[in-house]
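So this one's start_32.txt, compact mmCIF, C-alpha atoms:
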```
# COMPACT_ATOMS: atom_id res chain seq x y z
CA MET A 1145 -13.89 46.78 41.99
CA ALA A 1146 -13.76 43.21 43.30
CA GLY A 1147 -12.73 40.77 40.62
CA GLY A 1148 -14.56 42.68 37.88
CA LYS A 1149 -11.76 42.32 35.42
CA GLU A 1150 -11.20 38.63 36.15
CA ILE A 1151 -14.85 37.89 35.59
CA ARG A 1152 -14.82 39.78 32.32
CA THR A 1153 -11.84 37.85 30.99
CA LYS A 1154 -13.44 34.62 32.12
CA ILE A 1155 -16.62 35.47 30.23
CA ALA A 1156 -14.60 36.33 27.14
CA SER A 1157 -12.73 33.03 27.26
CA ILE A 1158 -15.92 31.03 27.72
CA LYS A 1159 -17.43 32.89 24.79
CA ASN A 1160 -14.48 31.83 22.67
CA THR A 1161 -14.94 28.23 23.68
CA GLN A 1162 -18.61 28.50 22.92
CA LYS A 1163 -17.85 29.76 19.45
CA ILE A 1164 -15.65 26.75 18.83
CA THR A 1165 -18.15 24.23 20.13
CA SER A 1166 -21.02 25.71 18.18
CA ALA A 1167 -18.93 25.69 15.01
CA MET A 1168 -18.06 22.04 15.66
CA GLN A 1169 -21.72 21.31 16.18
CA LEU A 1170 -22.62 22.78 12.80
CA VAL A 1171 -19.81 20.96 11.05
CA ALA A 1172 -20.81 17.68 12.66
CA ALA A 1173 -24.43 18.18 11.63
CA ALA A 1174 -23.43 18.71 7.99
CA LYS A 1175 -21.08 15.73 8.05
CA MET A 1176 -23.67 13.57 9.70
CA ARG A 1177 -26.11 14.11 6.88
CA LYS A 1178 -23.49 13.06 4.37
CA ALA A 1179 -22.51 10.05 6.44
CA GLN A 1180 -26.14 8.98 6.62
CA ASP A 1181 -26.43 9.19 2.86
CA ARG A 1182 -23.32 7.10 2.53
CA MET A 1183 -24.78 4.61 4.95
CA SER A 1184 -27.90 4.09 2.88
CA ALA A 1185 -25.83 3.95 -0.31
CA THR A 1186 -23.94 0.88 0.92
CA ARG A 1187 -27.07 -1.15 1.56
CA PRO A 1188 -28.04 -2.32 -1.95
CA TYR A 1189 -24.65 -3.94 -2.53
CA ALA A 1190 -24.73 -6.04 0.61
CA ASP A 1191 -28.40 -6.89 0.17
CA LYS A 1192 -27.83 -8.08 -3.37
CA MET A 1193 -24.84 -10.13 -2.30
CA ARG A 1194 -26.81 -11.72 0.49
CA GLN A 1195 -29.44 -12.78 -2.03
CA VAL A 1196 -26.92 -14.30 -4.39
CA ILE A 1197 -25.03 -16.04 -1.60
CA GLY A 1198 -28.29 -17.35 -0.20
CA HIS A 1199 -29.15 -18.74 -3.58
CA LEU A 1200 -25.76 -20.35 -4.10
CA HIS A 1201 -25.96 -21.79 -0.63
CA HIS A 1202 -29.24 -23.50 -1.41
CA ALA A 1203 -28.33 -24.55 -4.91
CA HIS A 1204 -25.11 -26.22 -3.76
CA PRO A 1205 -25.64 -27.54 -0.27
CA GLU A 1206 -22.82 -30.03 -0.76
CA TYR A 1207 -20.18 -27.35 -1.13
CA LYS A 1208 -19.48 -25.55 2.09
CA HIS A 1209 -16.89 -22.86 2.27
CA SER A 1210 -14.96 -22.72 5.52
CA PHE A 1211 -16.60 -19.35 6.18
CA MET A 1212 -19.89 -21.20 6.54
CA LYS A 1213 -18.79 -23.99 8.81
CA GLU A 1214 -19.30 -23.73 12.53
CA ARG A 1215 -16.52 -25.09 14.68
CA GLU A 1216 -15.64 -25.28 18.31
CA VAL A 1217 -14.67 -21.86 19.61
CA LYS A 1218 -11.32 -21.60 21.31
CA ARG A 1219 -10.23 -18.22 20.09
CA ILE A 1220 -12.29 -15.25 19.02
CA GLY A 1221 -11.32 -12.37 16.79
CA TYR A 1222 -12.88 -8.98 17.18
CA ILE A 1223 -12.84 -6.33 14.49
CA ILE A 1224 -13.38 -3.15 16.44
CA VAL A 1225 -14.58 -0.06 14.65
CA SER A 1226 -14.01 3.25 16.38
CA SER A 1227 -13.49 6.89 15.55
CA ASP A 1228 -10.17 8.58 14.97
CA ARG A 1229 -11.07 11.70 16.86
CA GLY A 1230 -12.53 12.38 20.27
CA LEU A 1231 -15.01 14.99 21.45
CA CYS A 1232 -17.90 12.76 20.57
CA GLY A 1233 -19.35 12.06 23.99
CA GLY A 1234 -19.18 8.54 25.34
CA LEU A 1235 -19.46 6.93 21.94
CA ASN A 1236 -16.20 4.99 21.91
CA ASN A 1237 -16.06 4.39 25.62
CA ASN A 1238 -19.52 2.85 25.74
CA LEU A 1239 -18.49 0.48 23.00
CA PHE A 1240 -15.22 -0.48 24.66
CA ARG A 1241 -16.84 -0.93 28.03
CA MET A 1242 -19.42 -3.30 26.63
CA LEU A 1243 -16.78 -5.23 24.75
CA ALA A 1244 -14.50 -5.42 27.77
CA LYS A 1245 -17.32 -7.01 29.74
CA GLU A 1246 -17.89 -9.56 27.03
CA ILE A 1247 -14.22 -10.36 26.73
CA LYS A 1248 -14.02 -10.89 30.46
CA ALA A 1249 -16.86 -13.39 30.25
CA HIS A 1250 -15.07 -15.19 27.42
CA ARG A 1251 -11.79 -15.29 29.28
CA GLU A 1252 -13.44 -16.83 32.28
CA LYS A 1253 -14.58 -19.62 30.01
CA GLY A 1254 -11.04 -20.03 28.77
CA ILE A 1255 -11.63 -18.52 25.35
CA GLU A 1256 -8.83 -16.38 24.04
CA VAL A 1257 -9.46 -13.15 22.16
CA GLU A 1258 -7.60 -11.28 19.46
CA PHE A 1259 -8.23 -7.88 18.00
CA CYS A 1260 -8.15 -5.98 14.79
CA THR A 1261 -8.72 -2.30 15.30
CA ILE A 1262 -10.07 0.33 12.97
CA GLY A 1263 -9.62 3.90 14.16
CA LYS A 1264 -7.23 5.51 16.60
CA LYS A 1265 -9.40 5.26 19.68
CA ALA A 1266 -9.74 1.50 19.50
CA LEU A 1267 -6.03 1.10 18.93
CA GLY A 1268 -5.22 3.25 21.94
CA PHE A 1269 -7.66 1.39 24.15
CA PHE A 1270 -6.75 -2.15 23.20
CA ARG A 1271 -3.07 -1.46 23.41
CA ARG A 1272 -3.58 -0.75 27.08
CA PHE A 1273 -6.21 -3.42 27.51
CA GLY A 1274 -3.89 -6.23 26.57
CA GLY A 1275 -4.36 -8.99 24.06
CA ASN A 1276 -3.03 -9.51 20.62
CA VAL A 1277 -3.75 -6.78 18.08
CA ARG A 1278 -3.32 -8.55 14.76
CA ALA A 1279 -3.94 -5.66 12.42
CA GLN A 1280 -4.97 -2.08 12.59
CA ILE A 1281 -5.84 0.84 10.40
CA THR A 1282 -6.33 4.46 11.34
CA GLN A 1283 -7.06 7.70 9.52
CA LEU A 1284 -9.81 6.43 7.27
CA GLY A 1285 -11.20 9.95 7.17
CA ASP A 1286 -14.75 11.13 6.70
CA GLN A 1287 -15.09 9.31 3.42
CA PRO A 1288 -13.77 5.85 4.07
CA HIS A 1289 -12.89 3.80 1.01
CA ILE A 1290 -13.40 0.10 0.97
CA GLU A 1291 -10.00 -0.57 -0.58
CA ASN A 1292 -8.32 0.72 2.56
CA LEU A 1293 -9.97 -2.03 4.52
CA PHE A 1294 -9.00 -4.99 2.35
CA GLY A 1295 -5.71 -5.68 4.07
CA THR A 1296 -7.04 -5.35 7.57
CA VAL A 1297 -9.98 -7.62 6.92
CA LYS A 1298 -7.83 -10.14 5.06
CA VAL A 1299 -5.52 -10.57 8.03
CA MET A 1300 -8.48 -11.67 10.13
CA LEU A 1301 -10.01 -13.86 7.45
CA ASP A 1302 -6.67 -15.54 6.83
CA ALA A 1303 -6.34 -16.21 10.53
CA TYR A 1304 -9.79 -17.73 10.44
CA GLU A 1305 -9.02 -19.94 7.50
CA SER A 1306 -5.77 -21.15 8.97
CA GLY A 1307 -7.63 -22.05 12.16
CA ASP A 1308 -6.01 -19.48 14.47
CA ILE A 1309 -9.36 -17.90 15.11
CA ASP A 1310 -12.63 -19.79 15.27
CA ARG A 1311 -15.05 -16.93 15.10
CA ILE A 1312 -14.93 -13.28 14.09
CA TYR A 1313 -17.15 -10.52 15.37
CA VAL A 1314 -17.49 -6.95 14.20
CA VAL A 1315 -17.95 -4.42 16.96
CA TYR A 1316 -19.36 -1.03 16.08
CA ASN A 1317 -21.96 1.55 16.96
CA GLN A 1318 -25.30 1.10 15.33
CA PHE A 1319 -27.07 4.23 14.20
CA VAL A 1320 -30.49 4.23 15.83
CA ASN A 1321 -31.27 7.89 15.33
CA THR A 1322 -29.51 11.21 15.72
CA MET A 1323 -29.84 11.16 19.48
CA SER A 1324 -28.93 7.59 20.18
CA GLN A 1325 -26.38 5.04 19.08
CA ALA A 1326 -26.29 1.47 20.22
CA PRO A 1327 -23.07 -0.50 20.62
CA MET A 1328 -23.30 -3.71 18.62
CA VAL A 1329 -21.40 -6.96 18.44
CA GLU A 1330 -22.18 -8.82 15.25
CA GLN A 1331 -20.96 -12.18 14.11
CA LEU A 1332 -19.09 -11.96 10.82
CA VAL A 1333 -17.88 -15.51 10.29
CA PRO A 1334 -18.98 -18.21 10.29
CA ILE A 1335 -21.77 -16.72 8.26
CA THR A 1336 -25.07 -17.48 9.84
CA SER A 1337 -27.46 -18.41 7.08
CA GLU A 1338 -30.83 -17.03 7.83
CA GLY A 1339 -34.36 -18.15 6.99
CA GLU A 1340 -35.54 -19.53 3.65
CA SER A 1341 -35.11 -23.18 4.35
CA GLU A 1342 -36.21 -24.34 0.92
CA LEU A 1343 -35.59 -23.19 -2.57
CA LYS A 1344 -38.96 -22.18 -3.92
CA HIS A 1345 -38.40 -23.01 -7.55
CA HIS A 1346 -35.75 -25.08 -9.14
CA TRP A 1347 -33.46 -23.13 -11.34
CA ASP A 1348 -29.80 -22.50 -11.23
CA TYR A 1349 -27.33 -20.12 -12.72
CA ILE A 1350 -24.85 -20.89 -15.39
CA TYR A 1351 -21.56 -20.40 -13.67
CA GLU A 1352 -18.49 -18.95 -15.27
CA PRO A 1353 -15.90 -20.28 -14.55
CA ASP A 1354 -17.54 -22.50 -11.87
CA SER A 1355 -19.73 -22.20 -8.82
CA LYS A 1356 -16.95 -22.68 -6.31
CA ASP A 1357 -14.85 -19.92 -7.76
CA VAL A 1358 -17.78 -17.53 -7.87
CA LEU A 1359 -18.87 -18.36 -4.35
CA ASP A 1360 -15.37 -17.89 -2.91
CA ASN A 1361 -15.13 -14.57 -4.63
CA LEU A 1362 -18.50 -13.46 -3.46
CA LEU A 1363 -17.92 -14.46 0.14
CA SER A 1364 -14.79 -12.45 0.69
CA ARG A 1365 -16.34 -9.43 -0.99
CA TYR A 1366 -19.45 -9.84 1.08
CA LEU A 1367 -17.49 -9.89 4.32
CA GLU A 1368 -15.48 -6.86 3.28
CA SER A 1369 -18.64 -5.00 2.45
CA LEU A 1370 -20.10 -5.87 5.84
CA VAL A 1371 -17.06 -4.45 7.60
CA TYR A 1372 -17.19 -1.42 5.34
CA GLN A 1373 -20.83 -0.95 6.20
CA SER A 1374 -20.10 -0.98 9.89
CA VAL A 1375 -17.30 1.54 9.38
CA VAL A 1376 -19.65 3.86 7.53
CA GLU A 1377 -22.36 3.39 10.12
CA ASN A 1378 -19.92 4.07 12.92
CA GLY A 1379 -18.90 7.22 11.08
CA ALA A 1380 -22.48 8.44 11.04
CA CYS A 1381 -22.72 7.65 14.75
CA GLU A 1382 -19.53 9.56 15.44
CA GLN A 1383 -20.83 12.67 13.75
CA SER A 1384 -24.21 12.55 15.41
CA ALA A 1385 -22.67 11.87 18.82
CA ARG A 1386 -20.30 14.77 18.30
CA MET A 1387 -23.15 17.00 17.24
CA VAL A 1388 -25.10 16.20 20.40
CA ALA A 1389 -22.04 16.54 22.62
CA MET A 1390 -21.12 19.88 21.10
CA LYS A 1391 -24.68 21.11 21.37
CA SER A 1392 -24.78 20.40 25.07
CA ALA A 1393 -21.32 21.97 25.45
CA THR A 1394 -22.57 25.11 23.73
CA ASP A 1395 -25.67 25.19 25.94
CA ASN A 1396 -23.59 24.72 29.06
CA ALA A 1397 -21.26 27.51 28.01
CA GLY A 1398 -24.29 29.77 27.53
CA GLU A 1399 -25.53 28.98 31.01
CA LEU A 1400 -22.11 29.62 32.47
CA ILE A 1401 -21.89 32.95 30.71
CA ASN A 1402 -25.28 33.98 32.05
CA GLU A 1403 -24.29 33.11 35.57
CA LEU A 1404 -21.00 34.93 35.31
CA GLN A 1405 -22.69 37.93 33.77
CA LEU A 1406 -25.00 38.09 36.77
CA VAL A 1407 -22.09 37.89 39.18
CA TYR A 1408 -20.27 40.54 37.21
CA ASN A 1409 -23.25 42.91 37.21
CA LYS A 1410 -23.69 42.48 40.94
CA ALA A 1411 -20.02 43.18 41.53
CA ARG A 1412 -20.17 46.24 39.35
CA GLN A 1413 -23.24 47.56 41.11
CA ALA A 1414 -21.74 46.93 44.52
CA ALA A 1415 -18.61 48.80 43.49
CA ILE A 1416 -20.63 51.81 42.31
CA THR A 1417 -22.74 51.85 45.45
CA GLN A 1418 -19.63 51.70 47.55
CA GLU A 1419 -18.04 54.56 45.61
CA ILE A 1420 -21.13 56.75 46.01
CA SER A 1421 -21.39 56.04 49.71
CA GLU A 1422 -17.71 56.88 50.08
CA ILE A 1423 -18.18 60.19 48.26
CA VAL A 1424 -21.27 61.02 50.29
CA ALA A 1425 -19.48 60.13 53.49
CA GLY A 1426 -16.51 62.26 52.40
CA ALA A 1427 -18.78 65.20 51.57
CA ALA A 1428 -20.53 64.88 54.91
CA ALA A 1429 -17.19 64.94 56.68
CA VAL A 1430 -16.24 68.18 54.93
CA MET B 527 -41.07 -0.58 -28.04
CA ALA B 528 -38.11 -2.86 -27.82
CA MET B 529 -37.74 -5.27 -24.96
CA THR B 530 -35.78 -3.96 -22.04
CA VAL B 531 -34.18 -5.36 -18.94
CA HIS B 532 -33.52 -3.66 -15.66
CA VAL B 533 -29.85 -3.10 -14.93
CA ASP B 534 -28.32 -2.24 -11.58
CA ILE B 535 -24.69 -1.46 -11.13
CA VAL B 536 -23.81 -1.26 -7.46
CA SER B 537 -20.51 -0.98 -5.69
CA ALA B 538 -19.83 -1.31 -1.98
CA GLU B 539 -19.70 2.46 -1.73
CA GLY B 540 -22.93 3.22 -3.50
CA GLU B 541 -25.18 2.79 -6.51
CA ILE B 542 -23.57 3.60 -9.82
CA PHE B 543 -26.37 3.01 -12.28
CA SER B 544 -29.94 1.86 -12.22
CA GLY B 545 -32.20 1.85 -15.23
CA LEU B 546 -33.51 0.01 -18.26
CA ALA B 547 -31.43 -1.32 -21.10
CA GLU B 548 -31.94 -3.14 -24.38
CA MET B 549 -28.54 -4.75 -24.29
CA VAL B 550 -25.62 -4.94 -21.89
CA TYR B 551 -22.03 -5.70 -22.83
CA ALA B 552 -19.42 -6.73 -20.29
CA HIS B 553 -16.07 -8.50 -20.04
CA GLY B 554 -16.47 -11.78 -18.21
CA VAL B 555 -13.49 -13.87 -17.17
CA MET B 556 -14.39 -16.37 -19.88
CA GLY B 557 -14.89 -13.78 -22.57
CA GLU B 558 -16.97 -10.89 -23.72
CA LEU B 559 -20.66 -11.07 -22.94
CA GLY B 560 -23.55 -9.44 -24.71
CA ILE B 561 -26.70 -9.79 -22.67
CA ALA B 562 -30.15 -9.27 -24.10
CA PRO B 563 -33.36 -9.20 -22.07
CA ARG B 564 -34.61 -12.60 -20.88
CA HIS B 565 -31.18 -14.09 -20.88
CA THR B 566 -30.93 -17.30 -18.94
CA PRO B 567 -29.68 -16.96 -15.32
CA LEU B 568 -25.91 -16.72 -15.26
CA ILE B 569 -23.27 -15.66 -12.83
CA THR B 570 -19.74 -14.75 -13.73
CA ARG B 571 -16.75 -12.88 -12.50
CA LEU B 572 -15.85 -9.76 -14.44
CA LYS B 573 -12.50 -8.69 -15.74
CA PRO B 574 -11.50 -5.08 -15.23
CA GLY B 575 -12.90 -3.20 -18.16
CA GLU B 576 -15.77 -1.39 -19.67
CA VAL B 577 -19.42 -2.15 -19.22
CA ARG B 578 -21.62 -0.76 -21.97
CA ILE B 579 -25.31 -0.33 -21.57
CA ASP B 580 -27.41 0.16 -24.68
CA GLN B 581 -30.45 2.11 -23.61
CA GLY B 582 -32.03 2.01 -27.02
CA SER B 583 -32.48 4.79 -29.55
CA GLY B 584 -28.76 4.85 -30.02
CA GLU B 585 -28.05 5.94 -26.48
CA MET B 586 -25.05 4.16 -25.02
CA ARG B 587 -23.77 4.46 -21.46
CA HIS B 588 -20.22 3.50 -20.59
CA PHE B 589 -18.96 2.49 -17.18
CA TYR B 590 -15.62 1.32 -16.02
CA VAL B 591 -15.52 -1.47 -13.48
CA SER B 592 -12.32 -2.81 -12.00
CA GLY B 593 -13.72 -6.29 -11.70
CA GLY B 594 -16.65 -7.66 -9.82
CA ILE B 595 -19.47 -10.09 -10.30
CA LEU B 596 -22.22 -10.09 -12.88
CA GLU B 597 -25.50 -11.74 -12.07
CA ILE B 598 -28.13 -12.25 -14.72
CA GLN B 599 -31.73 -13.10 -14.14
CA PRO B 600 -34.30 -12.95 -16.92
CA HIS B 601 -35.53 -9.50 -15.99
CA VAL B 602 -32.78 -8.12 -13.82
CA ILE B 603 -29.09 -7.75 -14.44
CA THR B 604 -26.96 -6.88 -11.45
CA ILE B 605 -23.32 -5.92 -11.54
CA LEU B 606 -21.61 -6.01 -8.19
CA ALA B 607 -18.71 -3.79 -9.13
CA ASP B 608 -15.37 -3.50 -7.40
CA THR B 609 -14.13 0.00 -6.93
CA ALA B 610 -10.52 -1.01 -6.84
CA ILE B 611 -8.30 -3.37 -8.78
CA ARG B 612 -8.14 -6.68 -6.97
CA ALA B 613 -5.37 -9.14 -7.30
CA ARG B 614 -4.08 -11.79 -4.95
CA ASP B 615 -0.65 -10.19 -4.53
CA LEU B 616 -2.13 -6.76 -3.99
CA ASP B 617 -4.42 -8.06 -1.27
CA GLU B 618 -1.54 -9.97 0.23
CA ALA B 619 0.55 -6.81 0.33
CA ALA B 620 -2.28 -4.87 1.95
CA ALA B 621 -2.63 -7.58 4.58
CA GLU B 622 1.10 -7.47 5.30
CA GLU B 623 0.88 -3.72 5.61
CA ALA B 624 -1.99 -3.95 8.09
CA LYS B 625 -0.04 -6.44 10.19
CA ARG B 626 3.07 -4.30 10.13
CA ARG B 627 1.09 -1.27 11.25
CA ALA B 628 -0.29 -3.21 14.21
CA GLU B 629 3.16 -4.39 15.23
CA GLU B 630 4.54 -0.90 14.91
CA ALA B 631 1.72 0.52 16.98
CA LEU B 632 2.26 -2.10 19.65
CA SER B 633 5.99 -1.55 19.83
CA GLY B 634 5.14 2.14 19.96
CA GLN B 635 4.03 1.46 23.53
CA HIS B 636 7.64 1.86 24.51
CA ALA B 637 7.79 5.32 22.96
CA ASP B 638 4.57 6.26 24.70
CA PHE B 639 5.96 5.16 28.00
CA GLU B 640 9.00 7.36 27.48
CA TYR B 641 6.77 10.21 26.61
CA ALA B 642 4.93 9.77 29.89
CA LYS B 643 8.24 9.62 31.72
CA ALA B 644 9.42 12.80 30.03
CA GLN B 645 6.18 14.47 30.95
CA ALA B 646 6.59 13.53 34.59
CA GLU B 647 10.13 14.90 34.57
CA LEU B 648 8.95 18.11 32.98
CA ALA B 649 6.24 18.53 35.62
CA GLU B 650 8.84 18.02 38.32
CA ALA B 651 11.15 20.60 36.79
CA ILE B 652 8.33 23.13 36.53
CA ALA B 653 7.41 22.56 40.17
CA GLN B 654 11.04 23.14 41.16
CA LEU B 655 11.23 26.36 39.17
CA ARG B 656 8.05 27.60 40.82
CA ALA B 657 9.43 26.86 44.25
CA ILE B 658 12.62 28.75 43.46
CA GLU B 659 10.66 31.74 42.20
CA ARG B 660 8.54 31.79 45.34
CA LEU B 661 11.65 31.66 47.50
CA ARG B 662 13.13 34.56 45.56
CA LYS B 663 10.02 36.67 46.05
CA ALA B 664 9.96 35.90 49.75
CA LYS B 665 13.61 37.01 50.01
CA ASN B 666 12.97 40.29 48.18
CA ASN B 667 10.07 41.14 50.43
```
Can you turn what I pasted into structure tokens?
Amino acid sequence: MAGGKEIRTKIASIKNTQKITSAMQLVAAAKMRKAQDRMSATRPYADKMRQVIGHLHHAHPEYKHSFMKEREVKRIGYIIVSSDRGLCGGLNNNLFRMLAKEIKAHREKGIEVEFCTIGKKALGFFRRFGGNVRAQITQLGDQPHIENLFGTVKVMLDAYESGDIDRIYVVYNQFVNTMSQAPMVEQLVPITSEGESELKHHWDYIYEPDSKDVLDNLLSRYLESLVYQSVVENGACEQSARMVAMKSATDNAGELINELQLVYNKARQAAITQEISEIVAGAAAV
Amino acid sequence: MAMTVHVDIVSAEGEIFSGLAEMVYAHGVMGELGIAPRHTPLITRLKPGEVRIDQGSGEMRHFYVSGGILEIQPHVITILADTAIRARDLDEAAAEEAKRRAEEALSGQHADFEYAKAQAELAEAIAQLRAIERLRKAKNN
């Protein structure tokens, strides 16, 4: 029987792969839901901070923290958020490709770039890509904690304050919906103050110890929370991208199995027909 | 019914508490604060410690915050809580650690290169073995 056994083993091995991919799909779906919850849980903190910072900004226009001052851009820092694990479709690669294009444009204008990577994939990519990686962190896990990010973010903010870097961007995947994620480059510092040109009513807080101290404290926490938010969002993207990728892998495996099954059945039938015709021919000869 | 004020305790990782209170007690950097409804707007840093929320009728909720910022408006009290102890030296150490990791990873390029080299050598060796085996079979036939 021509290749019957080979086809059967092939089908068995594809079935095994299919089992793995469908299990991964289910796991990713469950994790995605949790990641989405986490994503929405981080919003109130940052929103509240933005309000308070906005207020402080208006109440004390004379005091400007260096995080709020625009300056000429000679060197840009990118905080790149990526996943630790692969098998999530083109999620990371789309992000890196977009960023690489942007960096190329910057370099042509004579602007230098530096990196800070979060996640294994970004580290691997930007090590090959060239450029200075100032700080990195990997293995944040499915439940990232903000305290693990403090150091990494601080390295970049320190570089900004000392004037080594004139602008910092966060690069991550934005969660549009389960099926699609959009690579995003967002400016972190200098903080772009948005809208609300005038204070509507005149009142101010009592500050303890003083406004400068509070504002400084708020700003660094705010920036950390923004980076944390993008890490969490990227995590949700990773899970949903993996879910979709694994779903299509499972579907493809199913198709492949069907095709092989057809080939196998044909081969089996042909073998039986041949055997019968041989027997008949043999009987006729006798 | 006694006057109440809305209290939100949020951390970067999620909401911790949201509800009404008759009185809130917290440790500010300048001293202990007891905040009643319609307190004048105030903003302060918090020391690591307990935040107590009196919900009236003798019900008291306790929360631990490891620092953060307390914002008071007449009808809303917001605590932006830290989830971890913050101190300048600790942050400094974390930053150093992050830098060191990056340097290590970058110098790891060398190790990766050697790995690739070893892999190439291994592939070559396997190819040689295969060739020898094939020759042997050909001889036997």
Would you write out, as a tab-separated table, a table of all residues in chain B that have an atom no more than 9 Å from an atom of chain A, listing for each the closest atom pair and the distance in Å to one decimal, considering only C-alpha atoms and ordering rows by chain and rising residue number?
```
residue	atom	partner	partner_atom	distance
B:Ile535	CA	A:Tyr1189	CA	9.0
B:Val536	CA	A:Tyr1189	CA	5.7
B:Ser537	CA	A:Tyr1189	CA	6.0
B:Ala538	CA	A:Thr1186	CA	5.5
B:Glu539	CA	A:Thr1186	CA	5.2
B:Gly540	CA	A:Ala1185	CA	4.4
B:Glu541	CA	A:Ala1185	CA	6.3
B:Gly554	CA	A:Glu1352	CA	8.0
B:Val555	CA	A:Pro1353	CA	7.3
B:Met556	CA	A:Glu1352	CA	6.7
B:Thr566	CA	A:Tyr1349	CA	7.7
B:Pro567	CA	A:Tyr1349	CA	4.7
B:Leu568	CA	A:Ile1350	CA	4.3
B:Ile569	CA	A:Tyr1351	CA	5.1
B:Thr570	CA	A:Glu1352	CA	4.6
B:Arg571	CA	A:Val1358	CA	6.6
B:Gly594	CA	A:Asn1361	CA	8.8
B:Ile595	CA	A:Leu1362	CA	7.7
B:Glu597	CA	A:Val1196	CA	8.2
B:Ile598	CA	A:Tyr1349	CA	8.2
B:Gln599	CA	A:Tyr1349	CA	8.4
B:Thr604	CA	A:Lys1192	CA	8.2
B:Leu606	CA	A:Tyr1189	CA	6.7
B:Ala607	CA	A:Tyr1189	CA	8.9
B:Asp608	CA	A:Arg1365	CA	8.8
B:Thr609	CA	A:Glu1291	CA	7.6
B:Ala610	CA	A:Glu1291	CA	6.3
B:Ile611	CA	A:Glu1291	CA	8.8
B:Leu616	CA	A:Gly1295	CA	8.9
B:Asp617	CA	A:Gly1295	CA	6.0
B:Glu618	CA	A:Gly1295	CA	7.1
B:Ala619	CA	A:Gly1295	CA	7.4
B:Ala620	CA	A:Gly1295	CA	4.1
B:Ala621	CA	A:Gly1295	CA	3.7
B:Glu622	CA	A:Gly1295	CA	7.1
B:Glu623	CA	A:Gly1295	CA	7.0
B:Ala624	CA	A:Ala1279	CA	5.0
B:Lys625	CA	A:Ala1279	CA	4.6
B:Arg626	CA	A:Ala1279	CA	7.5
B:Arg627	CA	A:Gln1280	CA	6.3
B:Ala628	CA	A:Ala1279	CA	4.7
B:Glu629	CA	A:Arg1278	CA	7.7
B:Ala631	CA	A:Leu1267	CA	8.0
B:Leu632	CA	A:Arg1271	CA	6.6
B:Gln635	CA	A:Arg1271	CA	7.7
```
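Checking B:Val577, B:Met586, B:Ile542, B:Leu648 one by one against Glu558 (chain B), counting only C-alpha atoms, you find the shortest gap at B:Val577.
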Select, counting all atoms listed in the file, all protein, DNA and RNA residues no farther than 9 Å from (-15.5, -19.0, 8.3) in file coordinates, and express the selection as a short mmCIF file (atom, residue, chain, number, x, y, z; two decimals) with C-alpha atoms, in the coordinates of the input.
```cif
data_model
loop_
_atom_site.label_atom_id
_atom_site.label_comp_id
_atom_site.auth_asym_id
_atom_site.auth_seq_id
_atom_site.Cartn_x
_atom_site.Cartn_y
_atom_site.Cartn_z
CA HIS A 1209 -16.89 -22.86 2.27
CA SER A 1210 -14.96 -22.72 5.52
CA PHE A 1211 -16.60 -19.35 6.18
CA MET A 1212 -19.89 -21.20 6.54
CA LYS A 1213 -18.79 -23.99 8.81
CA GLU A 1214 -19.30 -23.73 12.53
CA ARG A 1215 -16.52 -25.09 14.68
CA LEU A 1301 -10.01 -13.86 7.45
CA TYR A 1304 -9.79 -17.73 10.44
CA GLU A 1305 -9.02 -19.94 7.50
CA ASP A 1310 -12.63 -19.79 15.27
CA ARG A 1311 -15.05 -16.93 15.10
CA ILE A 1312 -14.93 -13.28 14.09
CA LEU A 1332 -19.09 -11.96 10.82
CA VAL A 1333 -17.88 -15.51 10.29
CA PRO A 1334 -18.98 -18.21 10.29
CA ILE A 1335 -21.77 -16.72 8.26
#
```
Inset, instruction - Have a look at CA of Tyr1408 (chain A) and CA of Gly1147 (chain A) and let me know their distance in Å, one decimal. - result: 8.3 Å
Inset, instruction - Provide the CA of Ser1227 (chain A) to CA of Asn1378 (chain A) distance in Å, to one decimal place. - result: 7.5 Å
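Shell of region 1149-1161 of chain A at 10 Å, with all atoms listed in the file counted and residues fewer than 2 places along the chain excluded, is Met1145, Ala1146, Gly1147, Lys1163, Ile1164, Thr1165, Ser1166, Ala1167, Ala1393, Thr1394, Ala1397, Gly1398, Leu1400, Ile1401, Asn1402, Glu1403, Leu1404, Gln1405, Val1407, Tyr1408, Asn1409 and Ala1411 of chain A.
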Inset, instruction - Considering all atoms listed in the file, return as a ChimeraX atom specification whatever protein or nucleic-acid residues lie within 7 Å of region 1236-1238 of chain A, sequence-local ones (same chain, fewer than 3 positions apart) excluded. - result: /A:1226,1241-1242
Excluding Gly582 (chain B) and its own-chain neighbours fewer than 2 positions away, which residues fall within 9 Å of it when counting all atoms listed in the file? Please give them as a PDB file with C-alpha atoms, keeping the file's coordinate frame.
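Below you can see selection28.pdb, which holds the result:
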```pdb
ATOM      1  CA  ALA B 528     -38.110  -2.860 -27.820  1.00  0.00           C
ATOM      2  CA  THR B 530     -35.780  -3.960 -22.040  1.00  0.00           C
ATOM      3  CA  ALA B 547     -31.430  -1.320 -21.100  1.00  0.00           C
ATOM      4  CA  GLU B 548     -31.940  -3.140 -24.380  1.00  0.00           C
ATOM      5  CA  MET B 549     -28.540  -4.750 -24.290  1.00  0.00           C
ATOM      6  CA  ILE B 579     -25.310  -0.330 -21.570  1.00  0.00           C
ATOM      7  CA  ASP B 580     -27.410   0.160 -24.680  1.00  0.00           C
ATOM      8  CA  GLY B 584     -28.760   4.850 -30.020  1.00  0.00           C
ATOM      9  CA  GLU B 585     -28.050   5.940 -26.480  1.00  0.00           C
ATOM     10  CA  MET B 586     -25.050   4.160 -25.020  1.00  0.00           C
TER      11      MET B 586
END
```
